[in-house]
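Below: upload.txt (compact mmCIF, C-alpha atoms)
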# COMPACT_ATOMS: atom_id res chain seq x y z
CA MET A 1 -12.95 -33.92 -2.83
CA HIS A 2 -11.49 -30.48 -2.39
CA ALA A 3 -9.78 -29.62 0.85
CA THR A 4 -11.65 -27.42 3.30
CA TRP A 5 -10.30 -24.96 5.81
CA GLU A 6 -10.94 -27.45 8.61
CA THR A 7 -9.29 -30.52 7.04
CA LEU A 8 -6.13 -29.14 5.49
CA SER A 9 -3.91 -29.62 8.50
CA GLY A 10 -3.96 -30.69 12.09
CA GLU A 11 -3.47 -27.15 13.37
CA SER A 12 -6.36 -25.17 14.81
CA THR A 13 -8.15 -23.01 12.26
CA GLY A 14 -9.13 -20.46 14.91
CA PRO A 15 -5.96 -18.33 14.78
CA ARG A 16 -5.86 -18.04 11.00
CA GLN A 17 -9.58 -17.26 10.78
CA ARG A 18 -9.06 -14.47 13.32
CA VAL A 19 -6.23 -13.16 11.14
CA LEU A 20 -8.52 -13.20 8.10
CA TRP A 21 -11.50 -11.42 9.64
CA LEU A 22 -9.46 -8.92 11.66
CA SER A 23 -7.31 -7.99 8.66
CA THR A 24 -10.31 -7.78 6.32
CA TRP A 25 -12.20 -5.38 8.59
CA ALA A 26 -9.06 -3.33 9.30
CA PHE A 27 -8.36 -3.07 5.57
CA THR A 28 -11.97 -2.07 4.82
CA LEU A 29 -11.82 0.71 7.40
CA LEU A 30 -8.34 1.90 6.40
CA PHE A 31 -9.31 1.89 2.72
CA ALA A 32 -12.32 4.08 3.56
CA VAL A 33 -10.05 6.49 5.48
CA TRP A 34 -7.51 6.52 2.64
CA LEU A 35 -10.10 7.64 0.05
CA MET A 36 -12.42 9.73 2.25
CA TYR A 37 -11.42 13.00 0.54
CA GLY A 38 -12.97 11.62 -2.63
CA VAL A 39 -16.42 11.90 -1.01
CA LEU A 40 -15.91 14.66 1.57
CA GLY A 41 -13.88 16.73 -0.87
CA ILE A 42 -16.89 18.52 -2.37
CA LYS A 43 -17.93 19.81 1.06
CA ILE A 44 -14.34 20.71 1.92
CA ARG A 45 -13.84 22.51 -1.40
CA ASP A 46 -16.97 24.59 -0.95
CA GLU A 47 -16.31 25.46 2.70
CA LEU A 48 -12.66 26.51 2.20
CA SER A 49 -13.13 27.88 -1.37
CA LEU A 50 -10.36 25.68 -2.78
CA THR A 51 -9.19 26.01 -6.37
CA PRO A 52 -9.44 22.94 -8.65
CA SER A 53 -5.65 22.56 -8.44
CA GLN A 54 -5.66 22.61 -4.65
CA PHE A 55 -8.44 20.05 -4.56
CA ASP A 56 -6.55 17.76 -6.97
CA TRP A 57 -3.44 17.94 -4.80
CA LEU A 58 -5.42 16.89 -1.72
CA LEU A 59 -6.56 13.75 -3.53
CA ALA A 60 -3.17 13.06 -5.11
CA THR A 61 -1.26 13.44 -1.83
CA ALA A 62 -3.41 10.86 -0.06
CA ILE A 63 -3.17 8.42 -2.97
CA LEU A 64 0.62 8.71 -3.23
CA ALA A 65 1.08 8.33 0.54
CA GLY A 66 -0.88 5.07 0.34
CA SER A 67 1.01 3.81 -2.72
CA LEU A 68 4.72 4.64 -2.62
CA PRO A 69 5.61 3.02 0.77
CA ARG A 70 3.76 -0.25 0.07
CA LEU A 71 6.97 -2.17 -0.63
CA HIS A 72 8.45 -1.25 2.74
CA PHE A 73 5.26 -1.95 4.69
CA GLY A 74 5.10 -5.38 3.07
CA ILE A 75 8.70 -6.14 4.03
CA TRP A 76 8.14 -4.92 7.60
CA ALA A 77 5.08 -7.18 7.87
CA ASP A 78 7.16 -10.16 6.73
CA ARG A 79 9.96 -9.27 9.17
CA TYR A 80 8.03 -8.21 12.29
CA GLY A 81 4.65 -9.87 11.72
CA GLY A 82 1.41 -8.59 10.19
CA ARG A 83 -0.23 -8.14 13.58
CA ALA A 84 2.37 -5.63 14.79
CA ILE A 85 2.47 -3.62 11.56
CA MET A 86 -1.32 -3.54 11.14
CA LEU A 87 -1.62 -2.33 14.74
CA LEU A 88 1.05 0.32 14.10
CA LEU A 89 -0.70 1.50 10.94
CA LEU A 90 -4.09 1.80 12.66
CA LEU A 91 -2.58 3.90 15.45
CA LEU A 92 -0.50 6.04 13.08
CA VAL A 93 -3.51 7.32 11.16
CA VAL A 94 -5.78 8.02 14.17
CA ILE A 95 -4.44 11.51 14.91
CA PRO A 96 -4.32 12.85 11.31
CA THR A 97 -7.80 11.41 10.69
CA LEU A 98 -9.12 13.18 13.79
CA TRP A 99 -7.24 16.35 12.81
CA VAL A 100 -9.28 16.57 9.59
CA SER A 101 -12.36 17.21 11.73
CA TYR A 102 -10.79 20.36 13.20
CA ALA A 103 -8.59 21.59 10.32
CA SER A 104 -9.36 25.12 9.16
CA THR A 105 -6.77 25.74 6.42
CA TYR A 106 -5.75 24.12 3.17
CA TRP A 107 -2.23 23.37 4.43
CA GLU A 108 -3.56 21.55 7.48
CA LEU A 109 -5.70 19.36 5.22
CA LEU A 110 -2.71 18.70 2.95
CA VAL A 111 -0.54 17.56 5.88
CA CYS A 112 -3.41 15.38 7.09
CA ALA A 113 -3.68 13.81 3.64
CA ALA A 114 0.03 12.94 3.66
CA LEU A 115 -0.35 11.25 7.07
CA PHE A 116 -3.75 9.50 6.96
CA GLY A 117 -2.93 8.52 3.36
CA LEU A 118 -0.58 5.93 4.89
CA ALA A 119 -3.75 3.92 5.49
CA GLY A 120 -3.56 2.76 1.86
CA ASN A 121 -0.54 0.61 2.76
CA ALA A 122 -2.79 -1.72 4.78
CA PHE A 123 -3.23 -3.83 1.65
CA THR A 124 0.31 -5.20 1.54
CA VAL A 125 0.36 -5.64 5.32
CA GLY A 126 -2.77 -7.79 5.17
CA ILE A 127 -1.54 -9.78 2.18
CA SER A 128 1.66 -10.65 4.07
CA TRP A 129 -0.22 -11.43 7.30
CA ASN A 130 -2.72 -13.80 5.66
CA SER A 131 -0.09 -15.49 3.50
CA ALA A 132 1.91 -16.35 6.59
CA TRP A 133 -1.07 -18.10 8.23
CA PHE A 134 -2.89 -19.89 5.39
CA PRO A 135 -1.78 -23.07 3.58
CA ASP A 136 -1.22 -22.98 -0.18
CA GLN A 137 -4.40 -24.91 -1.04
CA ILE A 138 -6.71 -22.15 0.22
CA LYS A 139 -4.37 -19.17 0.19
CA GLY A 140 -5.94 -17.71 -2.96
CA THR A 141 -9.41 -17.80 -1.40
CA ALA A 142 -8.17 -16.18 1.82
CA LEU A 143 -6.33 -13.42 -0.05
CA GLY A 144 -9.41 -12.84 -2.20
CA ILE A 145 -11.67 -12.45 0.84
CA PHE A 146 -9.19 -10.05 2.42
CA GLY A 147 -8.80 -8.06 -0.80
CA ALA A 148 -12.56 -7.54 -1.06
CA GLY A 149 -12.01 -4.99 1.71
CA ASN A 150 -11.36 -2.42 -1.01
CA VAL A 151 -15.13 -2.07 -1.07
CA GLY A 152 -14.31 0.32 1.78
CA ALA A 153 -13.97 2.91 -0.98
CA SER A 154 -17.77 3.04 -0.93
CA LEU A 155 -18.10 3.10 2.87
CA THR A 156 -18.00 6.91 3.10
CA LYS A 157 -20.56 7.18 0.29
CA PHE A 158 -23.06 5.16 2.34
CA LEU A 159 -22.07 6.50 5.77
CA ALA A 160 -21.99 10.22 5.00
CA PRO A 161 -25.58 10.94 3.78
CA PRO A 162 -27.48 9.52 6.80
CA LEU A 163 -25.03 11.04 9.28
CA LEU A 164 -25.15 14.43 7.60
CA ALA A 165 -28.95 14.24 7.74
CA VAL A 166 -29.14 13.67 11.52
CA ILE A 167 -26.02 15.43 12.88
CA PRO A 168 -26.50 19.20 13.32
CA ALA A 169 -24.04 21.37 11.43
CA ALA A 170 -23.00 23.10 14.67
CA GLY A 171 -22.12 19.78 16.29
CA PHE A 172 -22.46 19.04 19.99
CA ALA A 173 -21.08 20.45 23.24
CA GLN A 174 -20.67 23.93 21.75
CA GLY A 175 -18.68 22.63 18.82
CA ILE A 176 -16.24 20.42 20.74
CA ILE A 177 -17.77 17.53 18.82
CA PRO A 178 -17.93 18.89 15.26
CA GLY A 179 -20.98 18.57 13.04
CA GLY A 180 -21.60 18.30 9.30
CA TRP A 181 -18.94 16.63 7.19
CA ARG A 182 -16.41 17.06 10.00
CA PHE A 183 -18.25 14.44 12.05
CA ILE A 184 -17.25 11.66 9.58
CA PRO A 185 -13.47 11.74 10.27
CA LEU A 186 -14.25 11.77 14.01
CA VAL A 187 -16.28 8.55 13.58
CA TYR A 188 -13.44 7.00 11.60
CA ALA A 189 -10.90 7.95 14.30
CA LEU A 190 -13.00 6.21 16.96
CA LEU A 191 -13.41 3.13 14.74
CA LEU A 192 -9.64 3.05 14.15
CA LEU A 193 -9.00 2.98 17.90
CA LEU A 194 -11.56 0.21 18.45
CA THR A 195 -10.12 -1.82 15.57
CA ALA A 196 -6.58 -1.38 16.93
CA ALA A 197 -7.78 -2.70 20.28
CA ALA A 198 -9.37 -5.72 18.57
CA VAL A 199 -6.19 -6.50 16.59
CA TRP A 200 -4.06 -6.23 19.75
CA LYS A 201 -6.44 -8.35 21.84
CA LEU A 202 -7.61 -10.97 19.33
CA GLY A 203 -4.71 -11.24 16.87
CA PRO A 204 -2.79 -14.52 17.37
CA TYR A 205 0.49 -14.17 19.25
CA PRO A 206 3.30 -15.06 18.68
CA ASP A 207 2.88 -14.06 15.06
CA ARG A 208 4.54 -15.65 12.02
CA CYS A 209 7.44 -13.69 10.51
CA PRO A 210 8.67 -15.34 7.28
CA ILE A 211 11.86 -13.27 6.85
CA ARG A 212 12.90 -12.59 10.44
CA GLY A 213 16.67 -12.79 10.68
CA ARG A 214 17.36 -12.37 6.95
CA CYS A 215 19.68 -9.59 5.81
CA GLY A 216 18.37 -6.69 3.73
CA LYS A 217 20.13 -7.78 0.55
CA ASN A 218 18.34 -11.13 0.55
CA VAL A 219 15.00 -9.46 1.30
CA TYR A 220 15.17 -7.30 -1.85
CA ALA A 221 16.68 -10.01 -4.09
CA PRO A 222 13.31 -11.38 -5.36
CA LEU A 223 12.52 -7.98 -6.89
CA LEU A 224 15.19 -8.62 -9.52
CA HIS A 225 13.10 -11.41 -11.05
CA LEU A 226 11.40 -10.43 -14.31
CA ARG A 227 8.18 -12.16 -13.29
CA VAL A 228 7.73 -9.62 -10.47
CA TRP A 229 7.44 -6.89 -13.09
CA ARG A 230 5.14 -9.08 -15.17
CA PHE A 231 2.81 -9.52 -12.19
CA SER A 232 2.99 -5.75 -11.62
CA LEU A 233 1.79 -5.07 -15.17
CA TYR A 234 -1.06 -7.53 -14.66
CA TYR A 235 -2.03 -5.68 -11.49
CA VAL A 236 -1.95 -2.30 -13.20
CA VAL A 237 -4.53 -3.71 -15.62
CA VAL A 238 -6.87 -5.25 -13.03
CA PHE A 239 -6.41 -2.86 -10.08
CA GLY A 240 -4.79 0.36 -11.29
CA ALA A 241 -7.31 0.60 -14.12
CA TYR A 242 -10.12 -0.17 -11.64
CA VAL A 243 -9.12 2.81 -9.49
CA ALA A 244 -8.75 5.00 -12.58
CA LEU A 245 -12.13 4.03 -14.06
CA ALA A 246 -13.90 4.48 -10.72
CA ALA A 247 -12.77 8.12 -10.82
CA TYR A 248 -13.15 8.65 -14.58
CA LEU A 249 -16.51 7.02 -15.39
CA PRO A 250 -18.88 9.50 -13.67
CA LYS A 251 -17.49 12.37 -15.74
CA TYR A 252 -17.59 10.20 -18.89
CA TYR A 253 -21.29 9.40 -18.36
CA VAL A 254 -22.11 13.07 -17.82
CA ASP A 255 -20.10 14.37 -20.79
CA VAL A 256 -20.92 11.66 -23.36
CA TYR A 257 -24.47 10.63 -22.45
CA ASN A 258 -25.70 13.88 -20.81
CA LEU A 259 -26.73 12.14 -17.60
CA THR A 260 -27.06 13.75 -14.19
CA LEU A 261 -24.20 13.27 -11.75
CA ALA A 262 -26.41 11.16 -9.48
CA THR A 263 -27.35 8.80 -12.33
CA ALA A 264 -23.73 8.64 -13.44
CA GLY A 265 -22.74 7.64 -9.90
CA TYR A 266 -25.28 4.81 -9.81
CA LEU A 267 -24.14 3.47 -13.19
CA THR A 268 -20.51 3.68 -12.09
CA ALA A 269 -21.44 1.59 -9.04
CA LEU A 270 -22.44 -1.22 -11.44
CA PHE A 271 -18.76 -1.32 -12.39
CA ILE A 272 -17.30 -0.75 -8.91
CA PHE A 273 -19.18 -3.43 -6.97
CA PRO A 274 -18.31 -6.48 -9.11
CA ALA A 275 -14.75 -5.20 -9.44
CA SER A 276 -14.52 -5.20 -5.63
CA LEU A 277 -16.72 -8.05 -4.47
CA LEU A 278 -15.70 -10.73 -6.99
CA ARG A 279 -12.10 -10.80 -5.76
CA PRO A 280 -12.78 -13.79 -3.43
CA LEU A 281 -14.22 -15.69 -6.42
CA GLY A 282 -10.99 -15.00 -8.33
CA GLY A 283 -8.97 -16.38 -5.43
CA TRP A 284 -11.16 -19.49 -5.14
CA LEU A 285 -11.00 -20.18 -8.89
CA SER A 286 -7.22 -19.78 -8.76
CA ASP A 287 -6.99 -22.28 -5.89
CA ARG A 288 -9.01 -24.75 -7.93
CA TYR A 289 -7.78 -24.23 -11.50
CA GLY A 290 -4.57 -22.27 -11.09
CA PRO A 291 -4.00 -18.51 -11.50
CA ARG A 292 -2.68 -18.82 -15.05
CA CYS A 293 -5.92 -20.24 -16.47
CA VAL A 294 -8.06 -17.70 -14.60
CA THR A 295 -5.90 -14.74 -15.64
CA TYR A 296 -6.10 -15.88 -19.26
CA GLY A 297 -9.89 -15.69 -19.09
CA VAL A 298 -9.75 -12.27 -17.41
CA PHE A 299 -7.55 -10.72 -20.11
CA LEU A 300 -9.54 -12.29 -22.97
CA THR A 301 -12.81 -10.93 -21.52
CA MET A 302 -11.36 -7.46 -21.02
CA THR A 303 -9.84 -7.45 -24.51
CA GLY A 304 -13.18 -8.31 -26.13
CA ALA A 305 -15.18 -5.74 -24.15
CA LEU A 306 -12.62 -2.96 -24.54
CA THR A 307 -12.34 -3.58 -28.29
CA LEU A 308 -16.08 -2.97 -28.67
CA ILE A 309 -15.91 0.18 -26.53
CA CYS A 310 -12.98 1.61 -28.50
CA LEU A 311 -14.57 1.15 -31.93
CA PRO A 312 -15.56 4.40 -33.69
CA SER A 313 -19.19 5.28 -33.00
CA HIS A 314 -20.11 5.06 -36.70
CA TRP A 315 -18.96 1.43 -36.64
CA PHE A 316 -20.46 0.43 -33.30
CA ASN A 317 -22.47 2.61 -30.92
CA PRO A 318 -23.48 0.64 -27.80
CA GLY A 319 -25.47 3.50 -26.26
CA VAL A 320 -25.59 4.05 -22.54
CA ILE A 321 -27.12 0.62 -21.80
CA GLY A 322 -24.63 -1.27 -23.95
CA PHE A 323 -21.71 0.72 -22.57
CA THR A 324 -22.83 0.02 -18.99
CA LEU A 325 -23.13 -3.72 -19.72
CA LEU A 326 -19.65 -3.78 -21.24
CA MET A 327 -18.27 -1.93 -18.22
CA PHE A 328 -20.05 -4.42 -15.96
CA MET A 329 -18.25 -7.24 -17.81
CA ILE A 330 -14.93 -5.45 -17.39
CA GLY A 331 -15.66 -4.93 -13.68
CA CYS A 332 -16.39 -8.63 -13.22
CA ALA A 333 -13.15 -9.54 -15.01
CA MET A 334 -11.13 -7.07 -12.92
CA GLY A 335 -12.59 -8.36 -9.66
CA ILE A 336 -11.71 -11.95 -10.55
CA GLY A 337 -8.33 -10.86 -11.94
CA LYS A 338 -7.32 -9.11 -8.71
CA GLY A 339 -7.74 -12.42 -6.91
CA SER A 340 -5.90 -14.47 -9.53
CA VAL A 341 -2.91 -12.13 -9.88
CA TYR A 342 -2.19 -12.17 -6.16
CA LYS A 343 -2.42 -15.96 -6.09
CA TYR A 344 0.69 -16.00 -8.30
CA ILE A 345 2.81 -14.33 -5.62
CA PRO A 346 2.77 -16.98 -2.83
CA ASN A 347 3.08 -19.66 -5.53
CA TYR A 348 6.37 -18.26 -6.84
CA PHE A 349 7.64 -16.36 -3.78
CA PRO A 350 6.27 -18.15 -0.68
CA ASN A 351 8.85 -16.59 1.65
CA ASP A 352 8.78 -13.09 0.15
CA VAL A 353 5.09 -12.29 -0.13
CA GLY A 354 5.51 -8.97 1.68
CA ALA A 355 8.29 -7.65 -0.58
CA VAL A 356 6.88 -8.91 -3.86
CA GLY A 357 3.27 -8.14 -2.92
CA GLY A 358 4.38 -4.68 -1.84
CA MET A 359 6.08 -3.98 -5.16
CA VAL A 360 3.13 -5.29 -7.18
CA GLY A 361 0.65 -3.34 -5.05
CA MET A 362 2.70 -0.16 -5.25
CA LEU A 363 2.93 -0.21 -9.05
CA GLY A 364 -0.74 -1.15 -9.37
CA ALA A 365 -1.80 1.77 -7.17
CA LEU A 366 0.47 4.14 -9.12
CA GLY A 367 -1.30 2.96 -12.27
CA GLY A 368 -4.53 4.24 -10.75
CA PHE A 369 -2.86 7.61 -10.23
CA ILE A 370 -1.38 7.88 -13.74
CA LEU A 371 -4.14 6.46 -15.95
CA PRO A 372 -6.96 9.07 -15.45
CA PRO A 373 -4.98 11.99 -16.96
CA LEU A 374 -3.85 9.67 -19.79
CA PHE A 375 -7.49 8.86 -20.51
CA GLY A 376 -8.27 12.55 -20.81
CA VAL A 377 -5.23 13.40 -22.94
CA LEU A 378 -5.85 10.55 -25.39
CA GLY A 379 -9.56 11.31 -25.76
CA ARG A 380 -8.89 14.99 -26.47
CA TRP A 381 -5.99 14.27 -28.82
CA LEU A 382 -7.99 11.83 -30.96
CA GLN A 383 -11.17 13.92 -30.55
CA SER A 384 -13.15 10.81 -29.65
CA PRO A 385 -14.29 10.13 -26.06
CA GLN A 386 -14.22 6.33 -26.44
CA ALA A 387 -10.63 6.53 -27.73
CA ALA A 388 -9.60 7.26 -24.13
CA TYR A 389 -9.89 3.52 -23.43
CA LEU A 390 -7.29 2.63 -26.07
CA ILE A 391 -4.52 2.94 -23.48
CA LEU A 392 -6.23 0.32 -21.30
CA LEU A 393 -6.83 -1.94 -24.32
CA PHE A 394 -3.13 -1.63 -25.20
CA LEU A 395 -2.00 -2.56 -21.66
CA THR A 396 -4.42 -5.50 -21.60
CA LEU A 397 -3.14 -6.81 -24.93
CA VAL A 398 0.49 -6.48 -23.80
CA SER A 399 -0.35 -8.39 -20.61
CA LEU A 400 -2.18 -11.10 -22.57
CA MET A 401 0.68 -11.53 -25.03
CA TRP A 402 3.26 -11.61 -22.23
CA LEU A 403 1.21 -14.24 -20.39
CA HIS A 404 0.78 -16.33 -23.53
CA GLY A 405 4.48 -16.05 -24.40
CA THR A 406 5.41 -17.20 -20.89
CA VAL A 407 3.07 -20.20 -21.13
CA VAL A 408 4.48 -21.19 -24.54
CA ARG A 409 8.05 -20.94 -23.19
CA ILE A 410 7.22 -23.06 -20.12
CA LYS A 411 5.60 -25.76 -22.27
CA LEU A 412 8.55 -25.76 -24.67
CA GLN A 413 11.02 -26.12 -21.81
CA SER A 414 8.96 -28.96 -20.37
CA GLN A 415 8.92 -30.77 -23.74
CA LEU A 416 12.69 -30.35 -24.15
CA HIS A 417 13.23 -31.67 -20.64
CA THR A 418 11.27 -34.86 -21.35
CA LEU A 419 12.74 -35.35 -24.84
CA PRO A 420 15.73 -37.55 -23.77
CA GLN A 421 13.31 -39.86 -21.97
CA VAL A 422 11.18 -40.29 -25.10
CA ILE A 423 13.98 -40.57 -27.69
CA PRO A 424 16.80 -42.91 -26.57
CA LEU A 425 20.30 -41.57 -27.00
CA PRO A 426 22.71 -43.31 -29.43
CA THR A 427 24.91 -45.93 -27.79
CA SER A 428 28.06 -43.84 -28.09
CA LEU A 429 26.40 -40.82 -26.45
CA ALA A 430 24.83 -43.00 -23.76
CA ASP A 431 28.22 -44.49 -22.92
CA ARG A 432 29.78 -41.05 -22.88
CA ASN A 433 27.17 -39.81 -20.38
CA LYS A 434 27.74 -42.72 -17.95
CA PRO A 435 29.31 -41.73 -14.64
CA SER A 436 33.03 -42.38 -14.39
CA SER A 437 34.06 -45.50 -12.43
CA GLY A 438 37.27 -43.89 -11.26
CA HIS A 439 39.55 -45.80 -13.68
CA PRO A 440 41.38 -44.17 -16.60
When written as structure tokens, how does the structure in this file appear?
Amino acid sequence: MHATWETLSGESTGPRQRVLWLSTWAFTLLFAVWLMYGVLGIKIRDELSLTPSQFDWLLATAILAGSLPRLHFGIWADRYGGRAIMLLLLLLVVIPTLWVSYASTYWELLVCAALFGLAGNAFTVGISWNSAWFPDQIKGTALGIFGAGNVGASLTKFLAPPLLAVIPAAGFAQGIIPGGWRFIPLVYALLLLLTAAAVWKLGPYPDRCPIRGRCGKNVYAPLLHLRVWRFSLYYVVVFGAYVALAAYLPKYYVDVYNLTLATAGYLTALFIFPASLLRPLGGWLSDRYGPRCVTYGVFLTMTGALTLICLPSHWFNPGVIGFTLLMFMIGCAMGIGKGSVYKYIPNYFPNDVGAVGGMVGMLGALGGFILPPLFGVLGRWLQSPQAAYLILLFLTLVSLMWLHGTVVRIKLQSQLHTLPQVIPLPTSLADRNKPSSGHP
């Protein structure tokens, strides 16, 4: 019988369940704030007559602000507790989020992006917070449920249309409460304040702080392990590529299959939703079968699907339906893979989840920033749109080979360790290995 949340230990499950649901909602909201320019950007661009370069810098600034400091936010969460750092993060982004509603120049929006973009660091804070409260047997499931909060990327897409339909463009109270697209950041600012109040009131206290009292040198020491960089590559494949494809696929559908932007958005959603919502399944499978086995299956599935996509069209042309099905398969694999990769971290670094999770999350998010232009460059250089996915196929194959090589090495070391027990040593060697009795 598999252990349940209620039977794993004698401690009350109430505090850790509050940590899980508070952190998951906070992450969902902060993720929506982090990426809100991706949806509101069209309205902003048209209203302020921004150039394509200016618009790109708005998006890039928010993404980088939510990626580069992840390591430090993870360490702070381990040192001071996830409750305190999550509360700090929620309060930090309230003012710049509200400021977006009243900004009238490009430079104001750019400064806002640099400040509310910090919301993207909520991921490593929540990973650290949940890892500190959940036992190993169900930690993968808990981290998977929390990580599904990245579905917040779609929150603005669903929230904006109905609000824009009912809120007058002039706003209320003679413009004191803004209307149109400017009403959305105002709603987010209010939700951030309410969520901060909930975290402060309902979050368990005193919190758990795995590295409190440790010196800085010891905190950063785990980052020297090669496996941290291996996990980071895995996460670039399952998360960085997810972010990149979510941004790249609509344009691909329009350019290659001559679809409308609305249709392209719906078909892209068939990739986004499994890649977001299947993360808890990946965590649960990793709890039950181990992250190595699950990650193997993820990389094999992605390799097969990407190979078919990358084939020249005169060899294999899947058409729009076939391409969408293959992307759906890749989305399912990525969703499961995001859960399995982060199960590795508490297994190998139980006392350094914040630092290691921060590094892995930072590099994964940077992959989402770097991959889209690489897709475009490779497709134009090879004059084949499907060739753009060769870079992702290459990274997946490298990850699969590195994983397989690690497994082979571990098995070989295990066999060598048990060899003396299977094959008895010669008498002379056995006598030589006996402990000395103290006599000459």
Cut-off 12 Å: closest range 187-228 of chain A/range 19-43 of chain A atom pairs per residue, using all atoms listed in the file, as CSV:
residue,atom,partner,partner_atom,distance
A:Val187,CA,A:Val33,CA,10.4
A:Tyr188,CA,A:Val33,CA,7.0
A:Ala189,CA,A:Val33,CA,9.0
A:Leu190,CA,A:Leu29,CA,11.1
A:Leu191,CA,A:Leu29,CA,7.9
A:Leu192,CA,A:Leu29,CA,7.5
A:Leu193,CA,A:Ala26,CA,10.7
A:Leu194,CA,A:Ala26,CA,10.1
A:Thr195,CA,A:Ala26,CA,6.5
A:Ala196,CA,A:Ala26,CA,8.3
A:Ala197,CA,A:Leu22,CA,10.8
A:Ala198,CA,A:Leu22,CA,7.6
A:Val199,CA,A:Leu22,CA,6.4
A:Trp200,CA,A:Leu22,CA,10.1
A:Lys201,CA,A:Leu22,CA,10.6
A:Leu202,CA,A:Leu22,CA,8.2
A:Gly203,CA,A:Val19,CA,6.2
A:Pro204,CA,A:Val19,CA,7.2
A:Tyr205,CA,A:Val19,CA,10.6
A:Asp207,CA,A:Val19,CA,10.0
A:Arg208,CA,A:Val19,CA,11.1
Go ahead and save the picked residues with C-alpha atoms, as a compact mmCIF listing (two decimals), in the frame of the given file.
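What follows is the written file selection24.txt:
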# COMPACT_ATOMS: atom_id res chain seq x y z
CA VAL A 187 -16.28 8.55 13.58
CA TYR A 188 -13.44 7.00 11.60
CA ALA A 189 -10.90 7.95 14.30
CA LEU A 190 -13.00 6.21 16.96
CA LEU A 191 -13.41 3.13 14.74
CA LEU A 192 -9.64 3.05 14.15
CA LEU A 193 -9.00 2.98 17.90
CA LEU A 194 -11.56 0.21 18.45
CA THR A 195 -10.12 -1.82 15.57
CA ALA A 196 -6.58 -1.38 16.93
CA ALA A 197 -7.78 -2.70 20.28
CA ALA A 198 -9.37 -5.72 18.57
CA VAL A 199 -6.19 -6.50 16.59
CA TRP A 200 -4.06 -6.23 19.75
CA LYS A 201 -6.44 -8.35 21.84
CA LEU A 202 -7.61 -10.97 19.33
CA GLY A 203 -4.71 -11.24 16.87
CA PRO A 204 -2.79 -14.52 17.37
CA TYR A 205 0.49 -14.17 19.25
CA ASP A 207 2.88 -14.06 15.06
CA ARG A 208 4.54 -15.65 12.02
*What's the 6 Å shell around range 133-144 of chain A, counting only C-alpha atoms, without same-chain residues fewer than 3 positions away, as a PyMOL selection string?*
chain A and resi 16+130+147+279-280+283-284+287+339+343
Sorted per-residue table, range 5-114 of chain A near range 175-185 of chain A, closest atoms and distance, 6 Å, only C-alpha atoms, as a Markdown table:
| residue | atom | partner | partner_atom | distance |
| --- | --- | --- | --- | --- |
| A:Thr97 | CA | A:Pro185 | CA | 5.7 |
| A:Leu98 | CA | A:Pro185 | CA | 5.8 |
| A:Ser101 | CA | A:Arg182 | CA | 4.4 |
*For Leu118 in chain A, list every protein, DNA or RNA residue within 10 Å, evaluated using only C-alpha atoms, and leave out those in the same chain fewer than 4 positions away; present the list as number ranges by chain.*
A: 30-31, 33-34, 62-70, 73, 89-90, 92-93, 113-114, 122
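Taking CA of Pro210 in chain A and CA of Pro346 in chain A as endpoints, the distance between them is 11.8 Å.
Shortest separation to Phe328 in chain A among A:Met302, A:Ile410, A:Leu223, A:Ala160 occurs at residue A:Met302, atoms counted being all atoms listed in the file.
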_Long-range neighbours of Cys310 in chain A as a PyMOL selection string, 10 Å cut-off, only C-alpha atoms, 3 positions minimum in chain_ = chain A and resi 305-307+313+316-317+384-393
_Pick from A:Phe123, A:Tyr348, A:Trp129, A:Phe273 nearest to Asp78 in chain A, counting only C-alpha atoms_ = A:Trp129
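Distances here use only C-alpha atoms; by that measure, the residue among A:Ser154, A:Thr13, A:Gln415, A:Thr268 closest to Phe323 in chain A is A:Thr268.
CA of Ser128 in chain A sits 26.3 Å away from CA of Ala246 in chain A.
Taking CA of Asn150 in chain A and CA of Pro274 in chain A as endpoints, the distance between them is 11.4 Å.
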Write out as a Markdown table a residue-level contact list of range 343-384 of chain A versus range 289-295 of chain A with cut-off 10 Å: for each qualifying residue the closest pair of atoms and the distance in Å to one decimal, counting all atoms listed in the file, rows sorted by chain and residue number upward.
| residue | atom | partner | partner_atom | distance |
| --- | --- | --- | --- | --- |
| A:Lys343 | CA | A:Pro291 | CA | 6.2 |
| A:Tyr344 | CA | A:Pro291 | CA | 6.2 |
| A:Ile345 | CA | A:Pro291 | CA | 9.9 |
| A:Asn347 | CA | A:Pro291 | CA | 9.3 |
Can those selected residues be exported to a file as a tab-separated table (two decimals), in the frame of the given file so that it contains C-alpha atoms?
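Output (part.tsv):
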chain	number	residue	atom	x	y	z
A	343	LYS	CA	-2.42	-15.96	-6.09
A	344	TYR	CA	0.69	-16.00	-8.30
A	345	ILE	CA	2.81	-14.33	-5.62
A	347	ASN	CA	3.08	-19.66	-5.53
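Minimum distance to Ile370 in chain A across A:Val254, A:Leu58, A:Ile336, A:Ala241 (counting all atoms listed in the file) occurs at A:Ala241.
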*asked:* I'd like the contact shell of Ala77 in chain A - 8 Å cut-off, all atoms listed in the file, skipping same-chain residues fewer than 5 positions apart - returned as a ChimeraX atom specification.
replied: /A:82-85,125,128-129,209,354
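Shortest separation to Ile145 in chain A among A:Ile127, A:Leu224, A:His404, A:Pro318 occurs at residue A:Ile127, atoms counted being all atoms listed in the file.
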